[in-house]
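Q: Supplied in structure tokens, the structure appears directly below.
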Amino acid sequence: MSSISSDIIRGYNDTMILYLLWDEPSYGYEISKRIRNLSEEKYAIKETTLYSAFTRLEKNGFVESFADSDMVNGKRRTYYRITEQGRQYYREKCAEWTLTKEVVEKFIRQDGGM
Amino acid sequence: METIRNYLETMFASLPNTFEMQKAKNELLQMMEDKYTELITDGKTENEAVGIVISEFGNLDELAEELGISSFVIQENQKTAGGFRSVTLAEVKDYLHDRTRSAYAVALGVFLCIISVCGYLVHFGGGWHVRIVLATSFMFIAIAAAVGLFMFSNFVMGKWKFFRERACSVDFATAEYVHNRRESFRVTRSMMNTIGVILCILSVLPVIVVDSLFGWSSGFGVVLMFVFVGIGVFLLVVSGNVNAGFTVILSLNKRDTMGGSFVPSQKQVTYKNETISQIMSVYWPTVTCIYLCWSFLSFDWHITWIVWVIAALVQQMLKAL
């Protein structure tokens, strides 16, 4: 089985995070866990990658951070919430991905080169 | 969990100590902690959990780019390659051991210097000539022994000169170790300082007591005074030197990097003015010198102690400048 090239996926870390924040705010570890689960263990985001993505998203105004206590054990954490700009950016990224996929797909042989 | 914390602190050690860096470190620690807790809950052993968390941590270069400090990280890496000396825990333990030995040697040397004049003060029997010869011999032997001790201390500390000559750094675990040792030395240190100062102050007592009992002529009171002062100064020198050892290690990391904040509140007298801080490095030895010179030349021991009071006041004023 091949592994994911981090160069390719890097451009879509932001998209994944925004997707996971779409319905409700979340925090670092939960997001990384959900990425791993949703990708069926095929992609595990590194802590540093995740934190850089948060900083970048926040700087661009796509997410907002706030401190809150955990529902389960009352631990103080930094939560992230998607903004309206973030949703707009997410839509753009989705469109971009559809296009990218369409284009690249044209160059992938149906038999996978076998 | 301690291993993870050490790992993270060490990774951040050479980065600038800024608000963003503190925030990044705390966030990363939180994520690692969450992951660790969950792995343990899932039945992983502690070692496995630590291994997984650290292997999936990633690379700080990525973070550096995002936080706009990539140039700093690269510079820092080059510096590390070009002679940044990282000091290990074993070396630090060695250093503290040597420092303690040298502290006792120096203190004993100072003690000998202080009591070296005692021979002249005792009025035992025998002719004037014999007394001078004996007293002078005693003085020279005491001073020679003291010089020997000073040389020994220099020799022992010689191999640690590089702390001052090169840029060195210690990792988080080492800094914490030294910090704990300094904390546990705190009680001993204040005891030594208190007893030292009390002995110096009480040193006039023997003069009064002994001389009122046996008469001024015996000179034993004055001798005892020197012994009191000698022991007092001995204690002060030991406690000061041992403590300075801890401070040297804890100030190896540059103050403006994350490494500089490993240990909370490194209390150190800082002088705002560069010139004053240079003056202060020779301040107390000079005061001691003035005190001894004045006392010996005038023999006004009942009043010369005022030098210390004035010196302490002047130091407070210089600090404020």
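Labels for the structure tokens follow display order: chains A, B, ..., residues from 1 in each chain, ligands from 1.
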Which residues of chain A sit at most 10 Å from chain B, using only C-alpha atoms? Give each one's shortest atom pair and distance in Å (one decimal place), in chain and ascending residue order, as a Markdown table.

A:
| residue | atom | partner | partner_atom | distance |
| --- | --- | --- | --- | --- |
| A:Tyr27 | CA | B:Met31 | CA | 8.7 |
| A:Gly28 | CA | B:Met31 | CA | 5.9 |
| A:Tyr29 | CA | B:Met31 | CA | 5.0 |
| A:Glu30 | CA | B:Asp34 | CA | 8.7 |
| A:Ile31 | CA | B:Met31 | CA | 9.9 |
| A:Ser32 | CA | B:Met31 | CA | 8.9 |
| A:Lys33 | CA | B:Lys35 | CA | 8.6 |
| A:Ala44 | CA | B:Glu56 | CA | 8.1 |
| A:Ile45 | CA | B:Glu56 | CA | 8.0 |
| A:Lys46 | CA | B:Gly58 | CA | 5.1 |
| A:Glu47 | CA | B:Phe57 | CA | 5.1 |
| A:Thr48 | CA | B:Gly58 | CA | 5.4 |
| A:Thr49 | CA | B:Glu62 | CA | 6.8 |
| A:Leu50 | CA | B:Leu28 | CA | 9.2 |
| A:Tyr51 | CA | B:Leu28 | CA | 7.2 |
| A:Ser52 | CA | B:Leu63 | CA | 5.4 |
| A:Ala53 | CA | B:Glu66 | CA | 8.2 |
| A:Phe54 | CA | B:Glu66 | CA | 9.8 |
| A:Thr55 | CA | B:Glu66 | CA | 7.2 |
| A:Arg56 | CA | B:Glu66 | CA | 6.8 |
| A:Lys59 | CA | B:Glu66 | CA | 9.9 |
| A:Arg76 | CA | B:Gln30 | CA | 9.6 |
| A:Arg77 | CA | B:Gln30 | CA | 7.8 |
| A:Thr78 | CA | B:Glu27 | CA | 7.6 |

Q: When you look at Ala135 in chain B with a cut-off of 7 Å (counting only C-alpha atoms), what residues show up, excluding the ones that are within fewer than 3 positions of it in the same chain? I need them as number ranges by chain.

A: B: 119-120, 131-132, 138-139

Q: Write the residues you've just listed into a file as a compact mmCIF listing (two decimals), in the first residue's frame, and include C-alpha atoms for each of them.

A:
# COMPACT_ATOMS: atom_id res chain seq x y z
CA GLY B 119 50.85 35.08 66.49
CA TYR B 120 51.69 38.74 67.01
CA ARG B 131 57.93 36.01 70.00
CA ILE B 132 58.54 37.86 66.76
CA PHE B 138 53.20 31.19 61.93
CA MET B 139 52.07 33.96 59.62

Q: Name all residues at most 7 Å from Ile82 in chain A (count only C-alpha atoms; drop same-chain ones fewer than 3 positions away) and give them as a ChimeraX atom specification.

A: /A:18,21-22,62-64,86-87

Q: Keeping C-alpha atoms for every residue in the selection just given, could you write it to a file as a PDB file, in the first residue's frame?

A:
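Dumped to out.pdb:
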ATOM      1  CA  LEU A  18     -12.541  23.631   8.304  1.00  0.00           C
ATOM      2  CA  LEU A  21     -15.206  22.677  12.464  1.00  0.00           C
ATOM      3  CA  TRP A  22     -18.221  23.186  10.209  1.00  0.00           C
ATOM      4  CA  PHE A  62     -10.865  31.783   8.858  1.00  0.00           C
ATOM      5  CA  VAL A  63     -11.134  30.524  12.415  1.00  0.00           C
ATOM      6  CA  GLU A  64     -11.330  32.105  15.859  1.00  0.00           C
ATOM      7  CA  GLY A  86     -13.689  30.462   6.782  1.00  0.00           C
ATOM      8  CA  ARG A  87     -16.837  28.977   5.276  1.00  0.00           C
TER       9      ARG A  87
END

Q: Residues within 12 Å of Ser190 in chain B, please, as a PyMOL selection string. Count only C-alpha atoms; anything in the same chain fewer than 4 positions from it doesn't count.

A: chain B and resi 182-186+194-198+235-236+238-240+243

Q: Keeping only C-alpha atoms, take the residues you just selected and write them out as a PDB file, in the first residue's frame.

A:
ATOM      1  CA  ARG B 182      19.540  24.968  44.700  1.00  0.00           C
ATOM      2  CA  GLU B 183      16.150  24.869  46.389  1.00  0.00           C
ATOM      3  CA  SER B 184      17.245  22.158  48.808  1.00  0.00           C
ATOM      4  CA  PHE B 185      20.459  24.081  49.536  1.00  0.00           C
ATOM      5  CA  ARG B 186      18.429  27.165  50.422  1.00  0.00           C
ATOM      6  CA  THR B 194      23.091  33.837  59.460  1.00  0.00           C
ATOM      7  CA  ILE B 195      25.660  32.080  61.624  1.00  0.00           C
ATOM      8  CA  GLY B 196      28.456  33.697  59.602  1.00  0.00           C
ATOM      9  CA  VAL B 197      27.109  37.201  60.113  1.00  0.00           C
ATOM     10  CA  ILE B 198      26.351  36.553  63.795  1.00  0.00           C
ATOM     11  CA  LEU B 235      30.790  30.107  56.314  1.00  0.00           C
ATOM     12  CA  LEU B 236      29.890  33.091  54.150  1.00  0.00           C
ATOM     13  CA  VAL B 238      31.327  28.528  51.342  1.00  0.00           C
ATOM     14  CA  SER B 239      27.634  29.336  51.065  1.00  0.00           C
ATOM     15  CA  GLY B 240      28.232  32.092  48.507  1.00  0.00           C
ATOM     16  CA  ASN B 243      25.290  28.953  45.450  1.00  0.00           C
TER      17      ASN B 243
END

Q: Could you state the separation of CA of Tyr7 in chain B and CA of Asp171 in chain B in Å, given to one decimal place?

A: 9.3 Å

Q: What's the separation between CA of Ile17 in chain A and CA of Gly51 in chain B, in Å to one decimal place?

A: 25.6 Å
